[in-house]
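*Asks:* This is input.txt, which holds compact mmCIF, C-alpha atoms:
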```txt
# COMPACT_ATOMS: atom_id res chain seq x y z
CA MET A 7 0.17 -25.17 -12.55
CA THR A 8 -1.33 -21.81 -11.66
CA LYS A 9 1.32 -19.33 -10.58
CA ARG A 10 1.00 -17.43 -7.32
CA ALA A 11 2.14 -13.85 -6.89
CA LEU A 12 2.42 -11.76 -3.73
CA ILE A 13 2.22 -7.98 -4.14
CA THR A 14 3.20 -5.60 -1.36
CA GLY A 15 1.61 -2.18 -1.77
CA ILE A 16 -1.35 -3.72 -3.61
CA THR A 17 -3.72 -0.90 -2.61
CA GLY A 18 -1.55 1.70 -4.38
CA GLN A 19 -1.70 2.81 -7.99
CA ASP A 20 0.89 0.34 -9.29
CA GLY A 21 -0.35 -2.50 -7.09
CA SER A 22 -3.86 -2.22 -8.43
CA TYR A 23 -2.77 -2.22 -12.08
CA LEU A 24 -0.32 -5.07 -11.49
CA ALA A 25 -2.99 -7.12 -9.73
CA GLU A 26 -5.35 -6.67 -12.69
CA PHE A 27 -2.61 -7.61 -15.13
CA LEU A 28 -1.60 -10.77 -13.24
CA LEU A 29 -5.22 -11.86 -12.87
CA SER A 30 -5.57 -11.53 -16.65
CA LYS A 31 -2.59 -13.90 -16.94
CA GLY A 32 -4.31 -16.51 -14.79
CA TYR A 33 -2.32 -15.93 -11.57
CA GLN A 34 -3.57 -16.41 -8.05
CA VAL A 35 -2.90 -12.94 -6.66
CA TYR A 36 -2.18 -12.23 -3.01
CA GLY A 37 -1.89 -8.72 -1.66
CA MET A 38 -0.18 -7.75 1.55
CA VAL A 39 -1.78 -4.99 3.62
CA ARG A 40 -0.96 -3.57 7.02
CA ARG A 41 -3.27 -4.21 9.93
CA THR A 42 -4.66 -0.70 10.26
CA SER A 43 -8.03 1.00 10.24
CA THR A 44 -6.91 3.48 7.58
CA VAL A 45 -6.25 1.07 4.67
CA ARG A 46 -8.13 2.26 1.57
CA TYR A 47 -9.30 -0.27 -1.00
CA GLU A 48 -10.78 2.08 -3.64
CA ARG A 49 -8.21 1.20 -6.30
CA ILE A 50 -8.85 -2.55 -6.04
CA GLN A 51 -12.60 -2.54 -5.39
CA ASN A 52 -13.35 -3.80 -8.88
CA ILE A 53 -11.20 -6.91 -8.38
CA GLN A 54 -11.22 -7.36 -4.61
CA SER A 55 -13.37 -10.49 -4.80
CA GLU A 56 -10.65 -12.13 -6.95
CA LEU A 57 -7.80 -11.24 -4.60
CA ASN A 58 -6.46 -12.86 -1.46
CA LEU A 59 -5.51 -10.14 1.04
CA ILE A 60 -3.18 -11.03 3.89
CA GLN A 61 -1.62 -9.02 6.69
CA GLY A 62 2.02 -8.04 6.88
CA ASP A 63 4.22 -5.11 7.85
CA MET A 64 7.36 -3.95 6.03
CA GLY A 65 8.74 -2.93 9.41
CA ASP A 66 8.39 -6.41 10.92
CA LEU A 67 10.50 -9.29 9.58
CA SER A 68 8.55 -12.00 11.40
CA SER A 69 5.27 -10.89 9.80
CA LEU A 70 6.90 -10.99 6.36
CA ILE A 71 8.21 -14.51 6.93
CA THR A 72 4.72 -15.58 8.04
CA ALA A 73 3.12 -13.96 4.98
CA ILE A 74 5.49 -15.60 2.50
CA SER A 75 5.26 -18.97 4.25
CA SER A 76 1.47 -18.90 4.09
CA VAL A 77 1.26 -17.86 0.42
CA GLU A 78 4.18 -19.88 -0.99
CA PRO A 79 4.41 -17.52 -3.99
CA ASP A 80 6.32 -18.07 -7.21
CA GLU A 81 6.86 -14.32 -7.55
CA VAL A 82 7.04 -11.43 -5.08
CA TYR A 83 6.56 -7.85 -6.26
CA ASN A 84 7.71 -5.27 -3.72
CA LEU A 85 5.80 -2.07 -4.42
CA ALA A 86 5.40 -1.01 -0.78
CA ALA A 87 7.07 2.26 0.17
CA GLN A 88 6.57 5.71 1.64
CA SER A 89 6.53 7.02 -1.92
CA PHE A 90 5.67 10.73 -1.73
CA VAL A 91 8.92 12.66 -2.11
CA PRO A 92 7.97 15.85 -0.16
CA THR A 93 6.84 13.74 2.82
CA SER A 94 10.26 12.11 2.93
CA TRP A 95 11.76 15.36 4.25
CA ASN A 96 9.17 15.51 7.04
CA GLN A 97 9.52 11.80 7.84
CA PRO A 98 13.07 10.86 6.80
CA VAL A 99 13.56 8.10 9.38
CA PHE A 100 10.24 6.42 8.60
CA THR A 101 10.95 6.71 4.87
CA GLY A 102 14.38 5.14 5.32
CA ASP A 103 12.98 2.32 7.43
CA ILE A 104 10.11 1.30 5.13
CA THR A 105 11.40 2.31 1.69
CA GLY A 106 14.99 1.21 2.37
CA LEU A 107 15.31 -1.30 5.21
CA GLY A 108 11.90 -2.76 4.37
CA VAL A 109 13.43 -4.17 1.19
CA THR A 110 16.09 -5.95 3.25
CA ARG A 111 13.46 -7.48 5.52
CA LEU A 112 11.41 -8.71 2.58
CA LEU A 113 14.43 -10.12 0.75
CA ASP A 114 15.57 -11.88 3.90
CA ALA A 115 12.09 -13.32 4.41
CA VAL A 116 12.16 -14.67 0.84
CA ARG A 117 15.65 -16.10 1.38
CA THR A 118 14.54 -17.74 4.62
CA VAL A 119 11.35 -19.30 3.27
CA ASN A 120 12.36 -20.15 -0.31
CA PRO A 121 15.30 -18.48 -2.09
CA ASP A 122 13.96 -19.72 -5.46
CA ILE A 123 11.08 -17.23 -5.32
CA ARG A 124 11.49 -14.57 -8.02
CA PHE A 125 11.65 -11.05 -6.58
CA TYR A 126 10.87 -7.67 -8.13
CA GLN A 127 12.05 -4.46 -6.45
CA ALA A 128 10.43 -1.15 -7.40
CA SER A 129 13.39 1.18 -7.85
CA SER A 130 12.91 4.80 -8.90
CA SER A 131 14.25 7.46 -11.23
CA GLU A 132 14.53 9.66 -8.12
CA MET A 133 17.73 7.72 -7.41
CA PHE A 134 19.39 9.67 -10.24
CA GLY A 135 18.50 13.01 -8.64
CA LYS A 136 21.17 15.51 -9.67
CA VAL A 137 21.71 13.68 -12.91
CA ARG A 138 25.21 12.76 -14.05
CA GLU A 139 24.18 12.20 -17.68
CA VAL A 140 21.18 12.63 -19.97
CA PRO A 141 19.38 10.37 -20.70
CA GLN A 142 19.77 8.09 -17.70
CA THR A 143 20.57 4.40 -18.22
CA GLU A 144 21.09 1.38 -15.96
CA SER A 145 24.77 2.38 -15.55
CA THR A 146 24.22 6.09 -14.78
CA PRO A 147 25.63 6.93 -11.31
CA PHE A 148 23.05 7.72 -8.63
CA TYR A 149 22.93 11.14 -6.93
CA PRO A 150 19.64 11.22 -4.96
CA ARG A 151 18.27 14.59 -3.85
CA SER A 152 15.72 13.55 -1.23
CA PRO A 153 15.44 11.11 1.68
CA TYR A 154 13.09 9.09 -0.56
CA GLY A 155 15.70 8.91 -3.31
CA VAL A 156 18.39 7.90 -0.81
CA ALA A 157 16.15 5.14 0.60
CA LYS A 158 15.41 3.86 -2.90
CA VAL A 159 19.15 3.69 -3.66
CA TYR A 160 19.61 1.52 -0.58
CA GLY A 161 16.72 -0.73 -1.61
CA HIS A 162 18.12 -1.03 -5.13
CA TRP A 163 21.62 -2.00 -4.04
CA ILE A 164 20.47 -4.43 -1.35
CA ALA A 165 18.50 -6.27 -4.05
CA VAL A 166 21.66 -6.45 -6.16
CA ASN A 167 23.58 -7.64 -3.11
CA TYR A 168 21.14 -10.46 -2.35
CA ARG A 169 21.16 -11.48 -6.01
CA GLU A 170 24.93 -11.73 -6.10
CA SER A 171 25.45 -13.07 -2.56
CA TYR A 172 22.70 -15.69 -2.44
CA ASP A 173 22.11 -16.38 -6.15
CA MET A 174 18.54 -15.14 -5.84
CA PHE A 175 16.42 -14.10 -8.83
CA ALA A 176 16.08 -10.45 -7.78
CA CYS A 177 15.36 -7.74 -10.35
CA SER A 178 14.96 -3.99 -9.99
CA GLY A 179 12.86 -1.89 -12.30
CA ILE A 180 14.15 1.69 -12.33
CA LEU A 181 10.78 3.20 -13.14
CA PHE A 182 10.49 6.79 -14.23
CA ASN A 183 7.36 8.75 -13.33
CA HIS A 184 4.24 6.80 -14.22
CA GLU A 185 0.76 8.17 -13.73
CA SER A 186 -2.90 7.27 -14.17
CA PRO A 187 -6.40 8.29 -13.05
CA ARG A 188 -5.62 6.31 -9.86
CA ARG A 189 -2.70 8.54 -8.92
CA GLY A 190 -2.99 10.19 -5.48
CA MET A 191 -3.86 13.88 -5.25
CA GLU A 192 -0.54 14.64 -3.58
CA PHE A 193 1.28 14.05 -6.88
CA VAL A 194 1.60 16.99 -9.26
CA THR A 195 0.08 15.23 -12.29
CA ARG A 196 -3.15 14.37 -10.47
CA LYS A 197 -3.23 17.75 -8.78
CA VAL A 198 -3.10 19.43 -12.19
CA THR A 199 -5.71 17.22 -13.91
CA TYR A 200 -8.07 17.46 -10.93
CA HIS A 201 -7.82 21.24 -10.81
CA ALA A 202 -8.23 21.55 -14.58
CA ALA A 203 -11.48 19.57 -14.28
CA LYS A 204 -12.62 21.49 -11.21
CA ILE A 205 -11.96 24.87 -12.82
CA LYS A 206 -13.73 23.78 -16.02
CA LEU A 207 -16.78 22.89 -13.92
CA GLU A 208 -16.50 26.28 -12.15
CA MET A 209 -15.92 24.70 -8.75
CA THR A 210 -12.73 26.69 -8.11
CA ASN A 211 -10.72 29.39 -9.86
CA GLU A 212 -7.02 28.69 -9.27
CA ILE A 213 -4.30 26.08 -8.84
CA ARG A 214 -1.22 26.74 -6.71
CA ILE A 215 1.91 25.04 -8.00
CA GLY A 216 5.68 24.92 -7.38
CA ASN A 217 8.51 24.77 -9.93
CA LEU A 218 7.15 25.13 -13.47
CA ASP A 219 10.50 24.34 -15.07
CA SER A 220 10.97 20.93 -13.43
CA LYS A 221 11.02 18.22 -16.11
CA ARG A 222 10.02 14.58 -15.90
CA ASP A 223 9.69 11.52 -18.08
CA TRP A 224 6.00 10.70 -17.55
CA GLY A 225 4.39 7.44 -18.69
CA TYR A 226 1.24 5.40 -18.04
CA ALA A 227 1.23 3.10 -15.00
CA GLY A 228 -0.70 0.42 -16.88
CA ASP A 229 2.17 0.14 -19.37
CA TYR A 230 4.82 0.00 -16.64
CA VAL A 231 3.40 -2.92 -14.64
CA ARG A 232 3.69 -5.05 -17.77
CA ALA A 233 7.45 -4.41 -17.66
CA MET A 234 7.59 -5.59 -14.03
CA TRP A 235 6.11 -8.93 -15.01
CA LEU A 236 8.36 -9.30 -18.05
CA MET A 237 11.47 -8.90 -15.86
CA LEU A 238 10.50 -11.94 -13.79
CA GLN A 239 9.90 -14.08 -16.89
CA GLN A 240 13.51 -13.83 -18.11
CA VAL A 241 16.13 -16.59 -17.89
CA GLU A 242 18.53 -14.44 -15.84
CA PRO A 243 17.73 -11.66 -13.36
CA ASP A 244 18.72 -8.13 -14.34
CA ASP A 245 17.86 -4.46 -13.75
CA PHE A 246 16.04 -2.27 -16.26
CA VAL A 247 15.22 1.39 -16.80
CA ILE A 248 11.52 1.70 -17.64
CA ALA A 249 10.71 5.04 -19.24
CA THR A 250 9.29 6.71 -22.35
CA GLY A 251 12.53 8.44 -23.35
CA GLN A 252 10.66 11.76 -23.60
CA THR A 253 10.62 14.60 -21.10
CA HIS A 254 8.01 17.25 -20.35
CA SER A 255 8.00 20.24 -18.00
CA VAL A 256 5.38 20.99 -15.35
CA GLU A 257 4.44 23.95 -17.54
CA ARG A 258 3.75 21.59 -20.45
CA LEU A 259 1.71 19.38 -18.11
CA LEU A 260 -0.46 22.40 -17.24
CA GLU A 261 -0.76 23.36 -20.90
CA VAL A 262 -1.95 19.90 -21.97
CA ALA A 263 -4.36 19.39 -19.04
CA PHE A 264 -6.01 22.81 -19.27
CA GLY A 265 -5.95 22.72 -23.07
CA HIS A 266 -7.90 19.45 -22.94
CA VAL A 267 -10.85 21.37 -21.48
CA GLY A 268 -10.34 24.49 -23.61
CA LEU A 269 -8.72 26.67 -20.96
CA ASN A 270 -5.50 28.71 -20.79
CA TRP A 271 -3.52 27.50 -17.79
CA ARG A 272 -1.89 30.94 -17.31
CA ASP A 273 -5.25 32.41 -16.32
CA TYR A 274 -5.58 30.12 -13.30
CA THR A 275 -2.07 29.18 -12.12
CA VAL A 276 -0.38 30.74 -9.09
CA GLN A 277 3.23 29.82 -8.39
CA ASP A 278 3.68 29.16 -4.67
CA GLU A 279 6.98 28.83 -2.78
CA ALA A 280 5.29 26.42 -0.39
CA PHE A 281 5.41 23.74 -3.09
CA MET A 282 9.12 24.12 -3.89
CA ARG A 283 11.42 21.25 -2.86
CA PRO A 284 14.43 21.93 -0.57
CA ALA A 285 16.62 20.25 -3.24
CA GLU A 286 15.10 20.09 -6.70
CA VAL A 287 15.52 17.38 -9.28
CA ASP A 288 15.47 19.38 -12.50
CA LEU A 289 15.64 16.92 -15.41
CA LEU A 290 14.83 13.22 -15.49
CA VAL A 291 14.60 11.34 -18.77
CA GLY A 292 15.24 7.62 -19.12
CA ASP A 293 16.71 5.51 -21.90
CA PRO A 294 14.48 2.40 -22.19
CA GLY A 295 16.65 0.83 -24.88
CA LYS A 296 17.69 -2.17 -22.80
CA ALA A 297 14.07 -2.96 -21.86
CA ARG A 298 13.08 -2.68 -25.50
CA ARG A 299 15.85 -5.02 -26.64
CA LYS A 300 15.74 -7.65 -23.90
CA LEU A 301 12.13 -7.54 -22.70
CA GLY A 302 10.42 -6.52 -25.90
CA TRP A 303 8.74 -3.75 -23.91
CA GLN A 304 7.72 -0.29 -25.02
CA PRO A 305 5.10 2.18 -23.79
CA GLU A 306 1.78 2.28 -25.64
CA VAL A 307 0.10 5.40 -24.17
CA SER A 308 1.49 8.84 -25.09
CA PHE A 309 1.90 11.73 -22.64
CA GLU A 310 -0.98 13.66 -24.20
CA GLU A 311 -3.25 10.58 -24.13
CA LEU A 312 -2.34 9.96 -20.49
CA ILE A 313 -3.13 13.48 -19.32
CA GLY A 314 -6.35 13.53 -21.34
CA MET A 315 -7.36 10.22 -19.74
CA MET A 316 -6.73 11.65 -16.27
CA VAL A 317 -8.66 14.89 -16.94
CA GLU A 318 -11.64 12.94 -18.31
CA SER A 319 -11.63 10.68 -15.25
CA ASP A 320 -11.62 13.68 -12.89
CA LEU A 321 -14.40 15.40 -14.85
CA LYS A 322 -16.57 12.29 -14.51
CA LYS A 323 -15.86 11.92 -10.78
CA LEU A 324 -16.69 15.56 -10.10
CA ARG A 325 -19.87 15.48 -12.21
CA ASP A 326 -21.03 12.29 -10.48
CA ASN A 327 -20.18 13.70 -7.05
CA PRO A 328 -19.99 17.53 -7.01
CA ASP A 329 -19.07 17.50 -3.29
CA LEU A 330 -16.07 15.22 -3.90
CA VAL A 331 -12.91 16.29 -2.10
CA ILE A 332 -9.92 14.08 -2.94
```
Any chance you could give the structure as structure tokens?

*Replies:*
Amino acid sequence: MTKRALITGITGQDGSYLAEFLLSKGYQVYGMVRRTSTVRYERIQNIQSELNLIQGDMGDLSSLITAISSVEPDEVYNLAAQSFVPTSWNQPVFTGDITGLGVTRLLDAVRTVNPDIRFYQASSSEMFGKVREVPQTESTPFYPRSPYGVAKVYGHWIAVNYRESYDMFACSGILFNHESPRRGMEFVTRKVTYHAAKIKLEMTNEIRIGNLDSKRDWGYAGDYVRAMWLMLQQVEPDDFVIATGQTHSVERLLEVAFGHVGLNWRDYTVQDEAFMRPAEVDLLVGDPGKARRKLGWQPEVSFEELIGMMVESDLKKLRDNPDLVI
């Protein structure tokens, strides 16, 4: 029988790649969207005719129960969140409600409708924050450094709690930073590749950036959604770090992006205090050994290939539409 999957956050970067992946596996794919006039469907336009979009709100338990009852999914992937870290300081209560308590509502809706549904929770490397060890593994203690990180820790542990309390198949993927040409402009990777393209095309002459020394483990979103699916195909539920095991600084990100178009990033970069975090996360690098051993997963796209892919995408968009403002 054809499997059914429900994806919350389907209009986001990860949701769009996951939807494509599941469709390629023959799934019936349902996406949950909020009833709002501001929903943007650009990332799923190419597959929208193959999707079933339904309404639901991570802040409203009754709407989640209705959504799950109507879909009767085999698998639920919870990718919905207020996911931009800087915004979490400006909207800490909203972030906690949707990114943290929203997981509880969705888990309880699954438990109410059908506790046999397999559940994936999108956890985050931001939970490690002020890291206790390098590299970070599934057993590394959490020390979040933002309201977003704190909310993700809550969501992670409530998934564990429902798994152990109600014998539910609930998995968490502790995903390190994963990027793509579909990444929002508010994220530093997309900001850098977009500005590298724009400067190359002589549409602007500078990029303003925060901490150049901050280091992240950056991978390709298309690789990471494959790991989400693999987690729900296992015999027993478990949690996994999904990462490349390699770390790069923001300075290296600038070097690769600008180098891709033959420019020296130092000639165009202005460091700006406005983009500094109140509490910085300095070094995140994951150990994907468990995912490699148990899931047979490993990333296929390198950091340099990823950034090159993003720069090329932004060059094309700007050439096709010179007035584009993202």

*Asks:* Here is a test: counting all atoms listed in the file, which residue of A:Arg124, A:Arg298, A:His254, A:Arg222 is nearest to A:Ser178?

*Replies:*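 Ranked by minimum distance to A:Ser178, first place goes to A:Arg124.
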
*Asks:* For A:Arg196, which of A:Asp329, A:Asp320, A:Asp245, A:Glu56 is the closest residue, counting only C-alpha atoms?

*Replies:* A:Asp320

*Asks:* Around all the atoms of stretch 131-148 of chain A listed in the file, draw an axis-aligned box and extend it by 6 Å on each of the six sides; I want its centre and edge lengths in Å to one decimal, as AutoDock Vina command-line options.

*Replies:*
```
--center_x 19.9 --center_y 8.4 --center_z -14.1 --size_x 23.4 --size_y 26.1 --size_z 25.3
```

*Asks:* Using only C-alpha atoms, which protein or nucleic acid residues come within 8 Å of A:Ile13? Drop anything in the same chain fewer than 3 positions from it, and give the result as a CSV table (one decimal) with C-alpha atoms, in the coordinates of the input.

*Replies:*
```csv
chain,number,residue,atom,x,y,z
A,16,ILE,CA,-1.4,-3.7,-3.6
A,21,GLY,CA,-0.4,-2.5,-7.1
A,25,ALA,CA,-3.0,-7.1,-9.7
A,35,VAL,CA,-2.9,-12.9,-6.7
A,36,TYR,CA,-2.2,-12.2,-3.0
A,37,GLY,CA,-1.9,-8.7,-1.7
A,38,MET,CA,-0.2,-7.8,1.6
A,82,VAL,CA,7.0,-11.4,-5.1
A,83,TYR,CA,6.6,-7.8,-6.3
A,84,ASN,CA,7.7,-5.3,-3.7
A,85,LEU,CA,5.8,-2.1,-4.4
```

*Asks:* Quick one: of A:Tyr230, A:Phe246, A:Phe309, A:Tyr126, who's nearest to A:Ala176, counting all atoms listed in the file?

*Replies:*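 Distance minimum relative to A:Ala176 lands on A:Tyr126.
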
*Asks:* Give me the residues near A:Pro121 as a list in words, where near means some atom within 10 Å (using all atoms listed in the file) and where sequence neighbours in that chain fewer than 4 positions away do not count.

*Replies:*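 What passes the distance filter is Leu113, Asp114, Ala115, Val116, Arg117, Phe125, Tyr168, Arg169, Tyr172, Asp173, Met174, Phe175 and Ala176 of chain A.
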
*Asks:* Excluding same-chain residues fewer than 6 positions from A:Lys300, what lies within 10 Å of it counting only C-alpha atoms, as a list in words?

*Replies:*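 So the residues in contact are Leu236, Met237, Gln240 and Phe246 of chain A.
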
*Asks:* Could you give me, as a PDB file with C-alpha atoms, keeping the file's coordinate frame, the residues within 12 Å of A:Arg46, counting all atoms listed in the file and dropping anything in the same chain fewer than 4 positions from it?

*Replies:*
```pdb
ATOM      1  CA  GLY A  15       1.610  -2.180  -1.770  1.00  0.00           C
ATOM      2  CA  ILE A  16      -1.350  -3.720  -3.610  1.00  0.00           C
ATOM      3  CA  THR A  17      -3.720  -0.900  -2.610  1.00  0.00           C
ATOM      4  CA  GLY A  18      -1.550   1.700  -4.380  1.00  0.00           C
ATOM      5  CA  GLN A  19      -1.700   2.810  -7.990  1.00  0.00           C
ATOM      6  CA  SER A  22      -3.860  -2.220  -8.430  1.00  0.00           C
ATOM      7  CA  VAL A  39      -1.780  -4.990   3.620  1.00  0.00           C
ATOM      8  CA  ARG A  40      -0.960  -3.570   7.020  1.00  0.00           C
ATOM      9  CA  ARG A  41      -3.270  -4.210   9.930  1.00  0.00           C
ATOM     10  CA  THR A  42      -4.660  -0.700  10.260  1.00  0.00           C
ATOM     11  CA  ILE A  50      -8.850  -2.550  -6.040  1.00  0.00           C
ATOM     12  CA  GLN A  51     -12.600  -2.540  -5.390  1.00  0.00           C
ATOM     13  CA  GLN A  54     -11.220  -7.360  -4.610  1.00  0.00           C
ATOM     14  CA  GLY A 190      -2.990  10.190  -5.480  1.00  0.00           C
TER      15      GLY A 190
END
```

*Asks:* Would you mind putting N, CA and C atoms back on stretch 11-25 of chain A and writing the result as an mmCIF file, in the frame of the given file?

*Replies:*
```
data_model
loop_
_atom_site.group_PDB
_atom_site.id
_atom_site.type_symbol
_atom_site.label_atom_id
_atom_site.label_comp_id
_atom_site.auth_asym_id
_atom_site.auth_seq_id
_atom_site.Cartn_x
_atom_site.Cartn_y
_atom_site.Cartn_z
ATOM 1 N N ALA A 11 1.346 -15.061 -7.049
ATOM 2 C CA ALA A 11 2.140 -13.850 -6.890
ATOM 3 C C ALA A 11 1.698 -13.126 -5.622
ATOM 4 N N LEU A 12 2.686 -12.591 -4.907
ATOM 5 C CA LEU A 12 2.420 -11.760 -3.730
ATOM 6 C C LEU A 12 2.850 -10.336 -4.052
ATOM 7 N N ILE A 13 1.935 -9.395 -3.867
ATOM 8 C CA ILE A 13 2.220 -7.980 -4.140
ATOM 9 C C ILE A 13 2.158 -7.211 -2.832
ATOM 10 N N THR A 14 3.255 -6.564 -2.459
ATOM 11 C CA THR A 14 3.200 -5.600 -1.360
ATOM 12 C C THR A 14 2.811 -4.252 -1.976
ATOM 13 N N GLY A 15 2.068 -3.452 -1.214
ATOM 14 C CA GLY A 15 1.610 -2.180 -1.770
ATOM 15 C C GLY A 15 0.491 -2.366 -2.785
ATOM 16 N N ILE A 16 -0.319 -3.402 -2.620
ATOM 17 C CA ILE A 16 -1.350 -3.720 -3.610
ATOM 18 C C ILE A 16 -2.460 -2.672 -3.670
ATOM 19 N N THR A 17 -2.655 -1.901 -2.606
ATOM 20 C CA THR A 17 -3.720 -0.900 -2.610
ATOM 21 C C THR A 17 -3.291 0.398 -3.284
ATOM 22 N N GLY A 18 -2.030 0.501 -3.696
ATOM 23 C CA GLY A 18 -1.550 1.700 -4.380
ATOM 24 C C GLY A 18 -1.848 1.659 -5.863
ATOM 25 N N GLN A 19 -1.476 2.734 -6.552
ATOM 26 C CA GLN A 19 -1.700 2.810 -7.990
ATOM 27 C C GLN A 19 -1.091 1.625 -8.729
ATOM 28 N N ASP A 20 0.210 1.408 -8.555
ATOM 29 C CA ASP A 20 0.890 0.340 -9.290
ATOM 30 C C ASP A 20 0.383 -1.033 -8.875
ATOM 31 N N GLY A 21 0.129 -1.210 -7.573
ATOM 32 C CA GLY A 21 -0.350 -2.500 -7.090
ATOM 33 C C GLY A 21 -1.666 -2.896 -7.708
ATOM 34 N N SER A 22 -2.549 -1.907 -7.865
ATOM 35 C CA SER A 22 -3.860 -2.220 -8.430
ATOM 36 C C SER A 22 -3.758 -2.601 -9.904
ATOM 37 N N TYR A 23 -2.934 -1.877 -10.662
ATOM 38 C CA TYR A 23 -2.770 -2.220 -12.080
ATOM 39 C C TYR A 23 -2.046 -3.554 -12.243
ATOM 40 N N LEU A 24 -1.047 -3.800 -11.406
ATOM 41 C CA LEU A 24 -0.320 -5.070 -11.490
ATOM 42 C C LEU A 24 -1.235 -6.235 -11.146
ATOM 43 N N ALA A 25 -2.059 -6.061 -10.117
ATOM 44 C CA ALA A 25 -2.990 -7.120 -9.730
ATOM 45 C C ALA A 25 -3.933 -7.459 -10.879
#
```
